[in-house]
Amino acid sequence: MNVFRFILQNHSQVLELTLEHLRLVGFSTLLAMAVGIPLGIVIAHRPRFNKPVLASANIIQTIPSLALFGFLLPVPWLGERSERLAIFALTLYALLPIIRNTYTGIRGVDPAVVEAGRGMGLTELQLLFQVELPLAVSVILSGVRVAVVISVGVATIAAAIGAGGLGEFIFRGLAMVDNRVILAGAIPAALLALVADFGVGWLERRLQPR
Amino acid sequence: MEPAAAIPAIEFRNVSYGIAGTQVLSGFNLQVESGETLVLLGRSGSGKTTSLKLVNRLLSPTSGDVLVNGVSNGEGDVIHLRRSIGYVIQDVGLFPHFTVERNIGLVPKIEGWPADRIRARVQELLQTVGLTPDFTSRYPHQLSGGQRQRVGVARALAADPEILLMDEPFGALDPLTRDELQHEFLALQQRLHKTVVFVTHDLREALRLGSRIALMEAGRLVTVLSPRAFLESSDPLASAYVRAFGEGLESSANRGTS
């Protein structure tokens with residue numbers, strides 16, 4: 001087939017863009033976990049912050065990705081390097097599923113178990129790390145999974161601001177009106193999403209509490 | 001054996017507790033002697049569980065004072081207080097992601113006991129509550145209700161606390177298992193002489209296990225009686241209980257096992 005011949009002929013570039021794509025998704029997901037999981041923990045314990053935090057994350061989610069990249073361009077430090085900006089924007093998109101699932105996961109822990117732990121003299125930190133997080137981990141990871149899959153898709157748009165990734169092929173193909181080039185970006189991106197989905201799903205099942 | 005002026009293990013001094021405008025407990029005064037099994041008897045919402053949670057400070061009184069071994073439990077470290085009091089609840093609250101061994105050994109572990117001492121203690125406790133050593137590696141979902149409750153009791157006893165708080169521990173069990181566990185509780189208590197506060201709404205259980213019964217209603221203490229005296233009491237609420245539970249209660253009454 002034409003597309004596959006094209007991919008084979010340009011395999012080094014496909015590989016390079018795939019790695020760039022992975023870097024965008026990887027960094028932004030890690031950042032979103034570093035911010036989103038603690039935030040989710042906080043709002044699970046302080047219900048007063050729950051609405052404003054989830055609403056903000058929700059609003060961010062509704063901004064069209066191309067527009068968000070555009071909005072962020074004039075921001076000082078961020079706009080200097082397009083990759084930096086792309087990672088930041090992807091992080092924002094990944095926040096909602098991670099915060100929401102952390103919140104849901106921790107709220108879903110049987111109150112009797114938490115109360116028993118508290119009554120036995122566990123400190124709040126021990127409760128969190130020994131009871132709540134281990135019991136919520138599979139719900140949290142399923143949020144991460146959703147975030148990764150969204151990120152793989154949104155990251156293709158990052159090429160529009162010159163941040164690289166598989167979107168390069170897609171935009172180039174659009175400009176050239178050449179479906180082969182579009183698919184050379186779209187197919188690896190779709191595969192990446194599937195692999196990531198499967199990988200995090202596997203981790204999720206492995207860490208599932210009994 | 002005990003000196004006449006012994007300090008009560010637990011003392012409620014004019015304790016009230018309210019939340020969101022509802023008075024759950026008012027003017028509550030009660031002393032629990034060291035080594036006795038005091039049963040808090042009453043219907044749902046009478047304040048039994050609240051009283052229990054005030055002892056290990058899961059709740060703090062709106063007014064009044066709860067003393068543990070003569071010292072207000074609001075003073076000092078609440079974590080230390082809780083680790084020195086065993087706590088057993090109806091839903092057991094075993095950690096579903098921990099094996100039986102880790103469940104029982106949790107408090108010793110966070111108290112920094114060496115691993116081999118924890119292991120030995122877990123074995124000892126399994127035996128105490130009538131479980132075989134091969135239970136150590138099982139998970140709570142692999143246990144029957146009665147076995148789970150046994151593990152719950154073993155866990156509460158892990159760090160050898162002087163006080164045990166038990167909130168309807170046998171409430172969700174089938175009658176046969178409940179009978180078995182009540183029987184074993186009596187045998188255990190004869191050996192260990194813990195100070196036990198036991199919450200139930202089952203008069204039969206109260207008569208059987210309690211050295212004294214504190215009858216509660218609508219957040220107030222109605223009366224405190226021995227099981228014998230409870231049966232003969234002229235208190236309207238107490239006699240209403242006796243009537244409600246019907247004939248054959250005489251044989252349930254605790255005849256001084258503690």
# chains A, B, ... in the order shown; residues from 1 in each chain; ligands from 1
call {"tool": "residues_around", "arguments": {"residues": "Arg148 (chain B)", "least_positions_apart": "3", "cutoff": "12 Å", "atoms": "only C-alpha atoms", "output": "JSON, numbers by chain"}}
result
{"B": [88, 89, 90, 91, 92, 93, 94, 95, 96, 99, 100, 103, 104, 126, 129, 130, 131, 135, 138, 139, 140, 141, 142, 143, 144, 145, 151, 152, 153, 154, 155, 169, 170, 172, 173, 177, 181]}
call {"tool": "residues_around", "arguments": {"residues": "Pro61 (chain B)", "least_positions_apart": "5", "cutoff": "9 Å", "atoms": "only C-alpha atoms", "output": "list in words"}}
result
Val15, Ser16, Tyr17, Gly18, Leu25, Leu54 and Val66 of chain B
call {"tool": "write_last_selection", "arguments": {"atoms": "N, CA and C atoms", "output": "CSV table (one decimal), in the first residue's frame"}}
result
chain,number,residue,atom,x,y,z
B,15,VAL,N,-20.7,15.0,80.1
B,15,VAL,CA,-20.3,15.2,78.7
B,15,VAL,C,-21.5,15.4,77.8
B,16,SER,N,-21.4,16.4,77.0
B,16,SER,CA,-22.4,16.7,76.0
B,16,SER,C,-21.8,16.7,74.6
B,17,TYR,N,-22.5,16.2,73.6
B,17,TYR,CA,-22.0,16.3,72.3
B,17,TYR,C,-23.1,16.6,71.3
B,18,GLY,N,-22.9,17.6,70.5
B,18,GLY,CA,-23.9,18.0,69.6
B,18,GLY,C,-23.3,18.3,68.2
B,25,LEU,N,-25.8,13.8,72.7
B,25,LEU,CA,-25.5,13.3,74.0
B,25,LEU,C,-25.6,14.5,74.9
B,54,LEU,N,-16.2,9.1,71.7
B,54,LEU,CA,-15.6,10.1,72.5
B,54,LEU,C,-14.4,9.6,73.3
B,66,VAL,N,-13.9,13.7,79.0
B,66,VAL,CA,-13.8,12.3,79.1
B,66,VAL,C,-12.4,11.9,79.6
call {"tool": "interface_residues", "arguments": {"of": "chain A", "to": "chain B", "cutoff": "10 Å", "atoms": "only C-alpha atoms", "output": "MDAnalysis selection string"}}
result
chainID A and resid 110:124 126 130:132 134:135 208:210
call {"tool": "write_last_selection", "arguments": {"atoms": "N, CA and C atoms", "output": "short mmCIF file (atom, residue, chain, number, x, y, z; two decimals), in the first residue's frame"}}
result
data_model
loop_
_atom_site.label_atom_id
_atom_site.label_comp_id
_atom_site.auth_asym_id
_atom_site.auth_seq_id
_atom_site.Cartn_x
_atom_site.Cartn_y
_atom_site.Cartn_z
N ASP A 110 -14.10 2.67 51.44
CA ASP A 110 -15.08 2.36 52.47
C ASP A 110 -14.81 3.18 53.75
N PRO A 111 -15.79 4.02 54.15
CA PRO A 111 -15.58 4.87 55.33
C PRO A 111 -15.29 4.04 56.58
N ALA A 112 -15.82 2.82 56.66
CA ALA A 112 -15.57 1.99 57.84
C ALA A 112 -14.09 1.65 57.94
N VAL A 113 -13.46 1.45 56.79
CA VAL A 113 -12.04 1.11 56.78
C VAL A 113 -11.21 2.30 57.26
N VAL A 114 -11.58 3.49 56.76
CA VAL A 114 -10.85 4.69 57.15
C VAL A 114 -11.05 4.97 58.64
N GLU A 115 -12.28 4.83 59.08
CA GLU A 115 -12.57 5.07 60.49
C GLU A 115 -11.84 4.08 61.39
N ALA A 116 -11.82 2.82 60.97
CA ALA A 116 -11.10 1.81 61.75
C ALA A 116 -9.62 2.20 61.84
N GLY A 117 -9.06 2.61 60.72
CA GLY A 117 -7.66 3.00 60.70
C GLY A 117 -7.39 4.19 61.61
N ARG A 118 -8.28 5.18 61.55
CA ARG A 118 -8.11 6.35 62.39
C ARG A 118 -8.24 5.96 63.86
N GLY A 119 -9.23 5.11 64.14
CA GLY A 119 -9.46 4.67 65.52
C GLY A 119 -8.30 3.86 66.07
N MET A 120 -7.56 3.19 65.18
CA MET A 120 -6.41 2.41 65.62
C MET A 120 -5.19 3.28 65.88
N GLY A 121 -5.29 4.55 65.49
CA GLY A 121 -4.17 5.44 65.76
C GLY A 121 -3.25 5.67 64.58
N LEU A 122 -3.75 5.48 63.35
CA LEU A 122 -2.95 5.89 62.19
C LEU A 122 -3.00 7.41 62.08
N THR A 123 -1.87 8.02 61.74
CA THR A 123 -1.89 9.46 61.50
C THR A 123 -2.55 9.69 60.14
N GLU A 124 -2.93 10.94 59.87
CA GLU A 124 -3.60 11.22 58.59
C GLU A 124 -2.71 10.83 57.41
N GLN A 126 -0.35 8.45 57.39
CA GLN A 126 -0.33 6.99 57.30
C GLN A 126 -1.62 6.47 56.68
N GLN A 130 -1.09 4.40 53.40
CA GLN A 130 -1.23 2.97 53.61
C GLN A 130 -2.64 2.46 53.31
N VAL A 131 -3.61 3.37 53.37
CA VAL A 131 -4.99 2.91 53.18
C VAL A 131 -5.64 3.55 51.96
N GLU A 132 -5.74 4.87 51.96
CA GLU A 132 -6.55 5.52 50.92
C GLU A 132 -5.94 5.38 49.53
N PRO A 134 -3.53 3.26 48.29
CA PRO A 134 -3.51 1.90 47.73
C PRO A 134 -4.90 1.43 47.30
N LEU A 135 -5.93 1.83 48.04
CA LEU A 135 -7.27 1.38 47.67
C LEU A 135 -7.85 2.16 46.50
N GLN A 208 -4.40 -3.31 41.21
CA GLN A 208 -5.75 -3.39 41.76
C GLN A 208 -5.73 -4.06 43.14
N PRO A 209 -6.30 -3.39 44.14
CA PRO A 209 -6.37 -4.07 45.45
C PRO A 209 -7.36 -5.23 45.36
N ARG A 210 -7.15 -6.21 46.18
CA ARG A 210 -8.03 -7.38 46.09
C ARG A 210 -9.39 -7.09 46.69
#
call {"tool": "select_by_dssp", "arguments": {"residues": "region 120-222 of chain B", "states": "alpha helix (DSSP H)", "output": "PyMOL selection string"}}
result
chain B and resi 120-128+145-157+175-192+203-209
call {"tool": "atom_distance", "arguments": {"atom1": "CA of Lys48 (chain B)", "atom2": "CA of Arg228 (chain B)"}}
result
21.4 Å
call {"tool": "atom_distance", "arguments": {"atom1": "CA of His21 (chain A)", "atom2": "CA of Ala163 (chain A)"}}
result
9.1 Å
call {"tool": "residues_around", "arguments": {"residues": "Glu11 (chain B)", "least_positions_apart": "3", "cutoff": "8 Å", "atoms": "only C-alpha atoms", "output": "VMD selection string"}}
result
chain B and resid 8 29 to 32 66 to 68 70
call {"tool": "residues_around", "arguments": {"residues": "region 49-57 of chain A", "least_positions_apart": "2", "cutoff": "12 Å", "atoms": "only C-alpha atoms", "output": "count of residues only"}}
result
33
call {"tool": "select_by_dssp", "arguments": {"residues": "region 40-176 of chain B", "states": "strand (DSSP E)", "output": "MDAnalysis selection string"}}
result
chainID B and resid 40:41 63:68 71:72 85:89 163:167
call {"tool": "write_last_selection", "arguments": {"atoms": "C-alpha atoms", "output": "JSON list (two decimals), in the first residue's frame"}}
result
[["chain", "number", "residue", "atom", "x", "y", "z"],
["B", 40, "LEU", "CA", -23.95, 0.43, 76.51],
["B", 41, "LEU", "CA", -27.44, -0.68, 75.65],
["B", 63, "SER", "CA", -18.73, 20.26, 76.72],
["B", 64, "GLY", "CA", -17.56, 18.16, 79.63],
["B", 65, "ASP", "CA", -14.62, 15.86, 79.88],
["B", 66, "VAL", "CA", -13.76, 12.27, 79.06],
["B", 67, "LEU", "CA", -11.04, 10.87, 81.29],
["B", 68, "VAL", "CA", -8.95, 7.84, 80.46],
["B", 71, "VAL", "CA", -6.46, 12.06, 82.61],
["B", 72, "SER", "CA", -8.61, 14.06, 80.24],
["B", 85, "ILE", "CA", -7.08, 1.60, 73.01],
["B", 86, "GLY", "CA", -8.33, -1.35, 70.98],
["B", 87, "TYR", "CA", -11.20, -0.56, 68.64],
["B", 88, "VAL", "CA", -13.56, -3.07, 67.03],
["B", 89, "ILE", "CA", -16.49, -2.02, 64.86],
["B", 163, "ILE", "CA", -9.02, -0.77, 77.04],
["B", 164, "LEU", "CA", -11.16, -2.28, 74.29],
["B", 165, "LEU", "CA", -13.98, -0.41, 72.59],
["B", 166, "MET", "CA", -16.40, -2.68, 70.76],
["B", 167, "ASP", "CA", -19.17, -1.22, 68.63]]
call {"tool": "residues_around", "arguments": {"residues": "Ile140 (chain A)", "least_positions_apart": "2", "cutoff": "8 Å", "atoms": "only C-alpha atoms", "output": "ChimeraX atom specification"}}
result
/A:37,98,101-102,105,136-138,142-144
call {"tool": "residues_around", "arguments": {"residues": "Gly153 (chain A)", "least_positions_apart": "3", "cutoff": "8 Å", "atoms": "only C-alpha atoms", "output": "VMD selection string"}}
result
chain A and resid 149 to 150 156 to 157 189 to 190 193
call {"tool": "closest_residue", "arguments": {"among": "A:Ile106, A:Ile161, A:Val25, A:Val152", "to": "Gly79 (chain A)", "atoms": "only C-alpha atoms"}}
result
A:Ile161
call {"tool": "residues_around", "arguments": {"residues": "Ala155 (chain A)", "least_positions_apart": "2", "cutoff": "12 Å", "atoms": "only C-alpha atoms", "output": "ChimeraX atom specification"}}
result
/A:17-18,20-29,65-66,69,83,85-91,93-94,147-153,157-168,170,185-186,189-190,192-193
call {"tool": "atom_distance", "arguments": {"atom1": "CA of Thr200 (chain B)", "atom2": "CA of Gly42 (chain B)"}}
result
7.1 Å
